[in-house]
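Asks: Structure file upload_31.cif (mmCIF, C-alpha atoms) is given on the next line.
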```cif
data_final
loop_
_atom_site.group_PDB
_atom_site.id
_atom_site.type_symbol
_atom_site.label_atom_id
_atom_site.label_comp_id
_atom_site.auth_asym_id
_atom_site.auth_seq_id
_atom_site.Cartn_x
_atom_site.Cartn_y
_atom_site.Cartn_z
ATOM 1 C CA MET A 58 0.000 0.000 0.000
ATOM 2 C CA SER A 59 1.450 3.337 -1.022
ATOM 3 C CA ILE A 60 1.520 6.417 1.317
ATOM 4 C CA ASP A 61 0.475 9.799 0.124
ATOM 5 C CA PRO A 62 3.724 11.748 -0.468
ATOM 6 C CA ARG A 63 2.282 14.751 1.322
ATOM 7 C CA LEU A 64 1.497 12.666 4.420
ATOM 8 C CA ALA A 65 4.969 11.117 4.366
ATOM 9 C CA GLU A 66 6.531 14.576 4.120
ATOM 10 C CA ARG A 67 4.420 15.757 7.033
ATOM 11 C CA ARG A 68 5.539 12.811 9.148
ATOM 12 C CA ARG A 69 9.181 13.533 8.378
ATOM 13 C CA ALA A 70 8.721 17.182 9.326
ATOM 14 C CA VAL A 71 7.077 16.231 12.644
ATOM 15 C CA ALA A 72 9.833 13.733 13.435
ATOM 16 C CA GLU A 73 12.555 16.254 12.610
ATOM 17 C CA ASP A 74 10.856 18.914 14.752
ATOM 18 C CA ARG A 75 10.586 16.491 17.680
ATOM 19 C CA ALA A 76 14.223 15.549 17.302
ATOM 20 C CA ARG A 77 15.272 19.223 17.267
ATOM 21 C CA ARG A 78 13.254 19.873 20.445
ATOM 22 C CA ASN A 79 14.809 16.862 22.161
ATOM 23 C CA VAL A 80 18.284 17.993 21.163
ATOM 24 C CA SER A 81 17.493 21.531 22.370
ATOM 25 C CA ARG A 82 16.286 20.232 25.736
ATOM 26 C CA LEU A 83 19.361 18.050 26.070
ATOM 27 C CA VAL A 84 21.664 20.965 25.301
ATOM 28 C CA LYS A 85 19.853 23.165 27.877
ATOM 29 C CA PHE A 86 20.095 20.419 30.479
ATOM 30 C CA LEU A 87 23.808 19.950 29.833
ATOM 31 C CA VAL A 88 24.424 23.703 30.017
ATOM 32 C CA ALA A 89 22.445 23.977 33.275
ATOM 33 C CA ALA A 90 24.285 20.985 34.727
ATOM 34 C CA GLY A 91 27.588 22.490 33.689
ATOM 35 C CA VAL A 92 26.740 25.855 35.270
ATOM 36 C CA ALA A 93 25.551 24.155 38.477
ATOM 37 C CA GLY A 94 28.700 22.066 38.582
ATOM 38 C CA ALA A 95 30.833 25.137 38.080
ATOM 39 C CA VAL A 96 29.014 26.974 40.893
ATOM 40 C CA VAL A 97 29.445 24.005 43.245
ATOM 41 C CA TRP A 98 33.113 23.755 42.308
ATOM 42 C CA VAL A 99 33.639 27.454 43.026
ATOM 43 C CA PHE A 100 31.955 27.227 46.464
ATOM 44 C CA LEU A 101 33.991 24.151 47.356
ATOM 45 C CA SER A 102 37.223 25.525 45.938
ATOM 46 C CA PRO A 103 40.113 26.987 47.970
ATOM 47 C CA TRP A 104 38.957 30.450 46.861
ATOM 48 C CA LEU A 105 35.889 30.167 49.117
ATOM 49 C CA SER A 106 37.329 28.012 51.888
ATOM 50 C CA VAL A 107 38.389 29.085 55.386
ATOM 51 C CA ALA A 108 41.820 30.666 55.430
ATOM 52 C CA SER A 109 41.647 32.254 58.902
ATOM 53 C CA VAL A 110 39.646 31.823 62.122
ATOM 54 C CA THR A 111 39.746 34.753 64.549
ATOM 55 C CA THR A 112 38.480 34.281 68.100
ATOM 56 C CA SER A 113 38.032 36.779 70.930
ATOM 57 C CA GLY A 114 36.933 36.433 74.542
ATOM 58 C CA VAL A 115 38.066 32.821 74.918
ATOM 59 C CA ALA A 116 39.814 32.144 78.229
ATOM 60 C CA ALA A 117 38.326 29.402 80.421
ATOM 61 C CA SER A 118 35.872 27.792 77.995
ATOM 62 C CA THR A 119 36.377 24.902 75.578
ATOM 63 C CA SER A 120 35.421 27.077 72.603
ATOM 64 C CA GLU A 121 38.543 26.245 70.583
ATOM 65 C CA ALA A 122 37.813 22.506 70.796
ATOM 66 C CA VAL A 123 34.156 23.067 69.839
ATOM 67 C CA LEU A 124 35.197 25.005 66.736
ATOM 68 C CA ILE A 125 37.546 22.228 65.648
ATOM 69 C CA GLU A 126 34.859 19.605 66.279
ATOM 70 C CA HIS A 127 32.436 21.504 64.017
ATOM 71 C CA GLY A 128 34.948 21.978 61.219
ATOM 72 C CA VAL A 129 35.732 25.654 61.735
ATOM 73 C CA VAL A 130 39.302 25.133 60.609
ATOM 74 C CA GLU A 131 41.485 26.145 57.695
ATOM 75 C CA GLY A 132 40.416 24.498 54.448
ATOM 76 C CA THR A 133 36.723 23.958 55.249
ATOM 77 C CA PRO A 134 34.446 25.382 52.529
ATOM 78 C CA MET A 135 32.680 28.464 53.898
ATOM 79 C CA ILE A 136 29.349 27.188 52.586
ATOM 80 C CA MET A 137 29.617 24.152 54.896
ATOM 81 C CA ILE A 138 29.772 26.230 58.108
ATOM 82 C CA ARG A 139 26.411 26.609 59.917
ATOM 83 C CA THR A 140 26.820 29.599 62.216
ATOM 84 C CA GLY A 141 23.637 29.035 64.252
ATOM 85 C CA ARG A 142 24.507 25.413 64.944
ATOM 86 C CA ILE A 143 28.019 26.371 66.055
ATOM 87 C CA GLU A 144 26.737 29.125 68.358
ATOM 88 C CA THR A 145 24.386 26.624 70.010
ATOM 89 C CA ALA A 146 27.272 24.185 70.483
ATOM 90 C CA LEU A 147 29.494 26.891 71.987
ATOM 91 C CA GLU A 148 26.806 27.899 74.486
ATOM 92 C CA THR A 149 26.466 24.363 75.849
ATOM 93 C CA ASP A 150 29.683 25.117 77.743
ATOM 94 C CA PRO A 151 28.606 26.709 81.065
ATOM 95 C CA TRP A 152 31.484 29.189 80.812
ATOM 96 C CA VAL A 153 30.005 30.685 77.629
ATOM 97 C CA ARG A 154 27.226 33.183 78.298
ATOM 98 C CA GLU A 155 26.870 34.316 74.692
ATOM 99 C CA SER A 156 28.581 33.699 71.360
ATOM 100 C CA ASP A 157 28.522 35.069 67.837
ATOM 101 C CA VAL A 158 29.930 33.345 64.751
ATOM 102 C CA GLU A 159 30.276 35.497 61.625
ATOM 103 C CA LEU A 160 31.321 34.469 58.130
ATOM 104 C CA VAL A 161 33.403 37.168 56.498
ATOM 105 C CA TRP A 162 33.478 36.201 52.838
ATOM 106 C CA PRO A 163 35.390 34.963 51.052
ATOM 107 C CA GLN A 164 37.755 33.243 53.513
ATOM 108 C CA SER A 165 37.425 34.350 57.146
ATOM 109 C CA VAL A 166 35.443 33.279 60.213
ATOM 110 C CA VAL A 167 35.164 35.596 63.219
ATOM 111 C CA VAL A 168 34.087 34.066 66.543
ATOM 112 C CA ARG A 169 33.218 36.293 69.510
ATOM 113 C CA VAL A 170 32.652 34.687 72.908
ATOM 114 C CA GLU A 171 31.461 36.329 76.121
ATOM 115 C CA GLU A 172 32.427 34.158 79.054
ATOM 116 C CA ARG A 173 30.875 34.114 82.494
ATOM 117 C CA VAL A 174 32.925 35.427 85.414
ATOM 118 C CA PRO A 175 33.162 33.357 88.613
ATOM 119 C CA SER A 176 31.422 34.978 91.589
ATOM 120 C CA ALA A 177 31.714 32.581 94.515
ATOM 121 C CA TRP A 178 31.951 28.987 95.680
ATOM 122 C CA VAL A 179 28.557 27.591 96.631
ATOM 123 C CA GLU A 180 27.838 24.585 98.839
ATOM 124 C CA THR A 181 25.186 22.512 97.051
ATOM 125 C CA ASP A 182 23.464 19.146 97.394
ATOM 126 C CA GLU A 183 26.260 17.736 95.208
ATOM 127 C CA GLY A 184 29.219 19.388 96.917
ATOM 128 C CA TRP A 185 31.060 22.607 96.158
ATOM 129 C CA GLY A 186 30.615 24.427 92.864
ATOM 130 C CA LEU A 187 32.028 27.630 91.436
ATOM 131 C CA TYR A 188 29.098 29.796 90.317
ATOM 132 C CA ALA A 189 28.620 32.830 88.090
ATOM 133 C CA ILE A 190 26.373 35.732 89.063
ATOM 134 C CA ASP A 191 23.422 34.354 87.062
ATOM 135 C CA GLY A 192 23.370 31.115 89.062
ATOM 136 C CA VAL A 193 25.161 28.908 86.520
ATOM 137 C CA ARG A 194 27.603 26.377 87.968
ATOM 138 C CA LEU A 195 30.938 26.562 86.150
ATOM 139 C CA VAL A 196 33.071 23.856 87.780
ATOM 140 C CA THR A 197 33.050 21.590 90.821
ATOM 141 C CA ALA A 198 35.734 20.835 93.389
ATOM 142 C CA PRO A 199 36.116 18.751 96.554
ATOM 143 C CA GLU A 200 37.093 21.898 98.471
ATOM 144 C CA PRO A 201 36.508 25.576 97.630
ATOM 145 C CA ASP A 202 39.272 28.050 96.894
ATOM 146 C CA PRO A 203 39.717 30.358 99.932
ATOM 147 C CA ALA A 204 40.583 33.270 97.632
ATOM 148 C CA MET A 205 36.932 33.450 96.525
ATOM 149 C CA PRO A 206 33.834 34.102 98.683
ATOM 150 C CA TRP A 207 31.984 31.055 100.028
ATOM 151 C CA ILE A 208 28.201 30.788 100.097
ATOM 152 C CA GLN A 209 26.661 28.337 102.556
ATOM 153 C CA ILE A 210 22.949 29.103 102.634
ATOM 154 C CA GLY A 211 21.618 25.532 102.581
ATOM 155 C CA GLY A 212 19.098 23.963 100.227
ATOM 156 C CA VAL A 213 20.942 24.782 96.986
ATOM 157 C CA GLU A 214 20.031 22.091 94.454
ATOM 158 C CA VAL A 215 22.199 21.842 91.360
ATOM 159 C CA MET A 216 19.352 20.748 89.080
ATOM 160 C CA ALA A 217 16.842 23.360 90.320
ATOM 161 C CA GLU A 218 16.395 26.990 89.324
ATOM 162 C CA PRO A 219 18.546 29.314 91.448
ATOM 163 C CA THR A 220 16.662 30.722 94.424
ATOM 164 C CA PRO A 221 16.420 34.451 95.240
ATOM 165 C CA ASP A 222 18.717 33.855 98.231
ATOM 166 C CA LEU A 223 21.368 32.285 96.017
ATOM 167 C CA LEU A 224 21.142 34.980 93.340
ATOM 168 C CA GLY A 225 21.274 37.693 95.985
ATOM 169 C CA ALA A 226 24.311 36.127 97.640
ATOM 170 C CA LEU A 227 26.068 35.805 94.272
ATOM 171 C CA GLU A 228 25.327 39.428 93.434
ATOM 172 C CA PHE A 229 26.768 40.521 96.772
ATOM 173 C CA ALA A 230 29.883 38.371 96.316
ATOM 174 C CA SER A 231 30.428 39.700 92.780
ATOM 175 C CA SER A 232 30.160 43.292 93.972
ATOM 176 C CA LEU A 233 32.745 43.005 96.729
ATOM 177 C CA GLY A 234 36.078 44.646 96.082
ATOM 178 C CA GLU A 235 38.963 42.289 95.415
ATOM 179 C CA GLU A 236 40.479 43.139 98.785
ATOM 180 C CA LEU A 237 37.342 41.875 100.578
ATOM 181 C CA LYS A 238 36.681 38.672 98.627
ATOM 182 C CA THR A 239 39.332 36.544 100.301
ATOM 183 C CA GLY A 240 37.805 34.901 103.358
ATOM 184 C CA ALA A 241 34.306 36.293 102.750
ATOM 185 C CA ARG A 242 31.550 33.912 103.878
ATOM 186 C CA LEU A 243 27.789 34.179 103.348
ATOM 187 C CA ARG A 244 25.142 32.206 105.221
ATOM 188 C CA THR A 245 21.513 32.273 106.299
ATOM 189 C CA GLU A 246 20.396 32.660 109.888
ATOM 190 C CA THR A 247 17.121 31.973 111.715
ATOM 191 C CA GLY A 248 14.303 33.748 109.961
ATOM 192 C CA GLY A 249 15.966 33.369 106.566
ATOM 193 C CA GLU A 250 18.083 36.512 106.746
ATOM 194 C CA LEU A 251 21.369 36.628 104.880
ATOM 195 C CA TRP A 252 24.470 37.264 106.924
ATOM 196 C CA ALA A 253 28.093 37.527 105.934
ATOM 197 C CA GLU A 254 31.536 37.579 107.434
ATOM 198 C CA VAL A 255 33.685 40.035 105.535
ATOM 199 C CA GLY A 256 36.969 41.635 106.491
ATOM 200 C CA GLY A 257 36.705 40.264 110.018
ATOM 201 C CA PHE A 258 33.253 41.772 110.620
ATOM 202 C CA GLU A 259 29.829 40.196 111.003
ATOM 203 C CA VAL A 260 27.479 41.745 108.444
ATOM 204 C CA ARG A 261 23.683 41.586 108.602
ATOM 205 C CA LEU A 262 22.362 41.776 105.045
ATOM 206 C CA GLY A 263 18.680 40.918 105.536
ATOM 207 C CA ARG A 264 16.609 40.046 102.494
ATOM 208 C CA PRO A 265 18.356 39.358 99.133
ATOM 209 C CA VAL A 266 17.594 42.767 97.609
ATOM 210 C CA GLU A 267 19.867 45.689 96.601
ATOM 211 C CA MET A 268 22.845 43.409 97.103
ATOM 212 C CA SER A 269 25.262 45.402 94.937
ATOM 213 C CA ALA A 270 24.404 48.549 96.883
ATOM 214 C CA LYS A 271 24.934 46.661 100.156
ATOM 215 C CA ALA A 272 28.391 45.542 99.020
ATOM 216 C CA LEU A 273 29.365 49.112 98.131
ATOM 217 C CA SER A 274 27.992 50.414 101.419
ATOM 218 C CA LEU A 275 29.949 47.746 103.294
ATOM 219 C CA ALA A 276 33.194 48.767 101.610
ATOM 220 C CA ALA A 277 32.582 52.374 102.673
ATOM 221 C CA LEU A 278 31.899 51.313 106.285
ATOM 222 C CA ILE A 279 35.045 49.197 106.495
ATOM 223 C CA ARG A 280 37.144 52.086 105.168
ATOM 224 C CA GLU A 281 35.971 54.051 108.266
ATOM 225 C CA ARG A 282 37.648 51.381 110.450
ATOM 226 C CA PRO A 283 34.821 50.438 112.819
ATOM 227 C CA PRO A 284 35.831 48.910 116.177
ATOM 228 C CA ALA A 285 36.895 45.281 116.084
ATOM 229 C CA GLY A 286 34.014 42.940 116.771
ATOM 230 C CA SER A 287 31.394 45.382 115.436
ATOM 231 C CA ILE A 288 28.278 44.133 113.689
ATOM 232 C CA LEU A 289 27.579 46.027 110.472
ATOM 233 C CA THR A 290 23.890 46.186 109.564
ATOM 234 C CA LEU A 291 23.092 46.816 105.906
ATOM 235 C CA ILE A 292 19.398 45.934 105.677
ATOM 236 C CA ALA A 293 18.969 49.429 104.199
ATOM 237 C CA PRO A 294 22.197 50.128 102.288
ATOM 238 C CA THR A 295 21.636 53.889 102.323
ATOM 239 C CA ASN A 296 21.234 53.830 106.110
ATOM 240 C CA PRO A 297 23.871 51.406 107.450
ATOM 241 C CA ALA A 298 24.409 50.914 111.155
ATOM 242 C CA ILE A 299 27.309 49.847 113.336
ATOM 243 C CA SER A 300 26.684 48.108 116.651
ATOM 244 C CA SER A 301 28.904 46.374 119.163
ATOM 245 C CA GLY A 302 29.135 42.608 118.933
#
```
Reformat the file's structure so that it appears as structure tokens.
Replies:
Amino acid sequence: MSIDPRLAERRRAVAEDRARRNVSRLVKFLVAAGVAGAVVWVFLSPWLSVASVTTSGVAASTSEAVLIEHGVVEGTPMIMIRTGRIETALETDPWVRESDVELVWPQSVVVRVEERVPSAWVETDEGWGLYAIDGVRLVTAPEPDPAMPWIQIGGVEVMAEPTPDLLGALEFASSLGEELKTGARLRTETGGELWAEVGGFEVRLGRPVEMSAKALSLAALIRERPPAGSILTLIAPTNPAISSG
């Protein structure tokens, strides 16, 4: 059976058109794949890889080890570094209060760490711990360092939220001058009042409020050289009192 020449020509034209479209799509795909491959190669190349890591504020924390563990080292492609994930990892260290990881393209990483400052040794249900002013335990030890204030107020649970008494005692300890921190002791007495022994004097602090002001007021009183054995009352820091022991 013969085919109409016009129909055969039409079929050839359709087939050729389909072939051209297929070739065109293939060429576009190959070009797109090539461009994507080139982009990936550029981002993974030494041109866009870490050449320097600058840190600031790191002293007592394990921040350097955390950065290495998360690949913030020379040669890592910048695109592979997840700043938010690294900041979260840094802040799992109790010494680190806040961190910031910044990518400075094309080849630098800047890490800023704000570390907590030790305030005092605290006697807890798990032994002695060195605490920061916000109630975070930094380290533990069998015995406290006598160069730092000691807080023995009872009922401090490591796994519980810090109590107002603990936070107040830490604030007071942090606000003491360096010359008064050695040998300073804080405790609670009957009725729940906070007391301290500072510079050889008994100090009645009362409720855990205005503790920084009480520490400053105490320093001023001690500079006036009250009689040995005096009790210094700082329940109202703007109206301190001195009484005989």
Asks: Using the chain letters and numbers from this file, what does the PyMOL selection byres ((chain A and resi 140-144) around 6) select? Give the answer as a ChimeraX atom specification.
Replies: /A:139,145-147,156,158
Asks: Determine the residue membership of the PyMOL selection byres ((chain A and resi 236) around 12) for the file above and supply it as a ChimeraX atom specification.
Replies: /A:204-206,230,232-235,237-241,255-256,276,279-280
Asks: Need to verify the contact set: Met268 in chain A, 12 Å, only C-alpha atoms, exclusion of same-chain residues closer than 6 positions in sequence. Can you return it as a list in words?
Replies: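 Near Met268 in chain A, the qualifying residues are Ile190, Pro221, Asp222, Leu223, Leu224, Gly225, Ala226, Leu227, Glu228, Phe229, Ala230, Ser231, Ser232, Leu233, Leu251, Trp252, Ala253, Arg261, Leu262, Ser274, Leu275, Leu291, Ile292, Ala293, Pro294 and Thr295 of chain A.
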Asks: Using C-alpha atoms, can you export the residues from the last selection as an mmCIF file, in the frame of the given file?
Replies:
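Here's the written file part-v8.cif:
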```
data_model
loop_
_atom_site.group_PDB
_atom_site.id
_atom_site.type_symbol
_atom_site.label_atom_id
_atom_site.label_comp_id
_atom_site.auth_asym_id
_atom_site.auth_seq_id
_atom_site.Cartn_x
_atom_site.Cartn_y
_atom_site.Cartn_z
ATOM 1 C CA ILE A 190 26.373 35.732 89.063
ATOM 2 C CA PRO A 221 16.420 34.451 95.240
ATOM 3 C CA ASP A 222 18.717 33.855 98.231
ATOM 4 C CA LEU A 223 21.368 32.285 96.017
ATOM 5 C CA LEU A 224 21.142 34.980 93.340
ATOM 6 C CA GLY A 225 21.274 37.693 95.985
ATOM 7 C CA ALA A 226 24.311 36.127 97.640
ATOM 8 C CA LEU A 227 26.068 35.805 94.272
ATOM 9 C CA GLU A 228 25.327 39.428 93.434
ATOM 10 C CA PHE A 229 26.768 40.521 96.772
ATOM 11 C CA ALA A 230 29.883 38.371 96.316
ATOM 12 C CA SER A 231 30.428 39.700 92.780
ATOM 13 C CA SER A 232 30.160 43.292 93.972
ATOM 14 C CA LEU A 233 32.745 43.005 96.729
ATOM 15 C CA LEU A 251 21.369 36.628 104.880
ATOM 16 C CA TRP A 252 24.470 37.264 106.924
ATOM 17 C CA ALA A 253 28.093 37.527 105.934
ATOM 18 C CA ARG A 261 23.683 41.586 108.602
ATOM 19 C CA LEU A 262 22.362 41.776 105.045
ATOM 20 C CA SER A 274 27.992 50.414 101.419
ATOM 21 C CA LEU A 275 29.949 47.746 103.294
ATOM 22 C CA LEU A 291 23.092 46.816 105.906
ATOM 23 C CA ILE A 292 19.398 45.934 105.677
ATOM 24 C CA ALA A 293 18.969 49.429 104.199
ATOM 25 C CA PRO A 294 22.197 50.128 102.288
ATOM 26 C CA THR A 295 21.636 53.889 102.323
#
```
Asks: Just to confirm, what's the straight-line distance from CA of Val167 in chain A to CA of Arg154 in chain A in Å (one decimal)?
Replies: 17.2 Å
Asks: Could you tell me, as a ChimeraX atom specification, which residues have any atom at most 6 Å from (31.7, 22.5, 94.7), counting only C-alpha atoms?
Replies: /A:184-186,197-198
Asks: Can you list, as a list in words, the residues that the PyMOL selection byres ((chain A and resi 137) around 10) selects here?
Replies: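 Answer for the PyMOL selection byres ((chain A and resi 137) around 10): Phe100, Leu101, Ser106, His127, Gly128, Val129, Thr133, Pro134, Met135, Ile136, Ile138, Arg139 and Thr140 of chain A.
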Asks: Figure out the distance between CA of Ser165 in chain A and CA of Val110 in chain A, please, to one decimal in Å.
Replies: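 That distance, rounded to one decimal, is 6.0 Å.
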Asks: To one decimal place, how far is CA of Glu214 in chain A from CA of Ala189 in chain A in Å?
Replies: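 Value for the CA of Glu214 in chain A-CA of Ala189 in chain A distance: 15.2 Å.
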Asks: Can you list, as an MDAnalysis selection string, every protein, DNA or RNA residue that comes within 9 Å of Asp150 in chain A when you count only C-alpha atoms, leaving out same-chain residues fewer than 6 positions away?
Replies: chainID A and resid 118:120 195
Asks: Report, as JSON, the axis-aligned box around all atoms of range 297-302 of chain A present in the file, extended by 6 Å on each side; give centre and edge lengths in Å to one decimal place.
Replies:
```
{"center_x": 26.5, "center_y": 47.0, "center_z": 113.3, "size_x": 17.3, "size_y": 20.8, "size_z": 23.7}
```
Asks: Between A:Leu124, A:Ile210, A:Val107, A:Val193, which is the closest to Glu250 in chain A once you count only C-alpha atoms?
Replies: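 Distance minimum relative to Glu250 in chain A lands on A:Ile210.
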Asks: I need the residue nearest Glu281 in chain A from this list: A:Ser176, A:Gln209, A:Ile299, A:Val266. Use all atoms listed in the file for the distance.
Replies: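 So, comparing all the options, the nearest one is A:Ile299.
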Asks: Please rebuild range 202-214 of chain A with N, CA and C atoms and give the result as a PDB file, in the coordinates of the input.
Replies:
```pdb
ATOM      1  N   ASP A 202      38.071  27.220  96.875  1.00  0.00           N
ATOM      2  CA  ASP A 202      39.272  28.050  96.894  1.00  0.00           C
ATOM      3  C   ASP A 202      39.061  29.181  97.907  1.00  0.00           C
ATOM      4  N   PRO A 203      39.914  29.310  98.920  1.00  0.00           N
ATOM      5  CA  PRO A 203      39.717  30.358  99.932  1.00  0.00           C
ATOM      6  C   PRO A 203      39.882  31.773  99.392  1.00  0.00           C
ATOM      7  N   ALA A 204      40.418  31.925  98.195  1.00  0.00           N
ATOM      8  CA  ALA A 204      40.583  33.270  97.632  1.00  0.00           C
ATOM      9  C   ALA A 204      39.266  33.853  97.130  1.00  0.00           C
ATOM     10  N   MET A 205      38.240  33.001  96.996  1.00  0.00           N
ATOM     11  CA  MET A 205      36.932  33.450  96.525  1.00  0.00           C
ATOM     12  C   MET A 205      35.936  33.404  97.685  1.00  0.00           C
ATOM     13  N   PRO A 206      34.871  34.205  97.648  1.00  0.00           N
ATOM     14  CA  PRO A 206      33.834  34.102  98.683  1.00  0.00           C
ATOM     15  C   PRO A 206      33.192  32.713  98.691  1.00  0.00           C
ATOM     16  N   TRP A 207      32.715  32.306  99.876  1.00  0.00           N
ATOM     17  CA  TRP A 207      31.984  31.055 100.028  1.00  0.00           C
ATOM     18  C   TRP A 207      30.542  31.372 100.384  1.00  0.00           C
ATOM     19  N   ILE A 208      29.626  30.623  99.798  1.00  0.00           N
ATOM     20  CA  ILE A 208      28.201  30.788 100.097  1.00  0.00           C
ATOM     21  C   ILE A 208      27.686  29.466 100.653  1.00  0.00           C
ATOM     22  N   GLN A 209      27.203  29.518 101.891  1.00  0.00           N
ATOM     23  CA  GLN A 209      26.661  28.337 102.556  1.00  0.00           C
ATOM     24  C   GLN A 209      25.286  28.694 103.124  1.00  0.00           C
ATOM     25  N   ILE A 210      24.297  28.679 102.233  1.00  0.00           N
ATOM     26  CA  ILE A 210      22.949  29.103 102.634  1.00  0.00           C
ATOM     27  C   ILE A 210      21.993  27.931 102.768  1.00  0.00           C
ATOM     28  N   GLY A 211      22.445  26.720 102.423  1.00  0.00           N
ATOM     29  CA  GLY A 211      21.618  25.532 102.581  1.00  0.00           C
ATOM     30  C   GLY A 211      20.537  25.436 101.508  1.00  0.00           C
ATOM     31  N   GLY A 212      20.196  24.208 101.157  1.00  0.00           N
ATOM     32  CA  GLY A 212      19.098  23.963 100.227  1.00  0.00           C
ATOM     33  C   GLY A 212      19.369  24.301  98.781  1.00  0.00           C
ATOM     34  N   VAL A 213      20.625  24.474  98.384  1.00  0.00           N
ATOM     35  CA  VAL A 213      20.942  24.782  96.986  1.00  0.00           C
ATOM     36  C   VAL A 213      21.009  23.465  96.211  1.00  0.00           C
ATOM     37  N   GLU A 214      20.087  23.299  95.279  1.00  0.00           N
ATOM     38  CA  GLU A 214      20.031  22.091  94.454  1.00  0.00           C
ATOM     39  C   GLU A 214      20.580  22.404  93.066  1.00  0.00           C
TER      40      GLU A 214
END
```
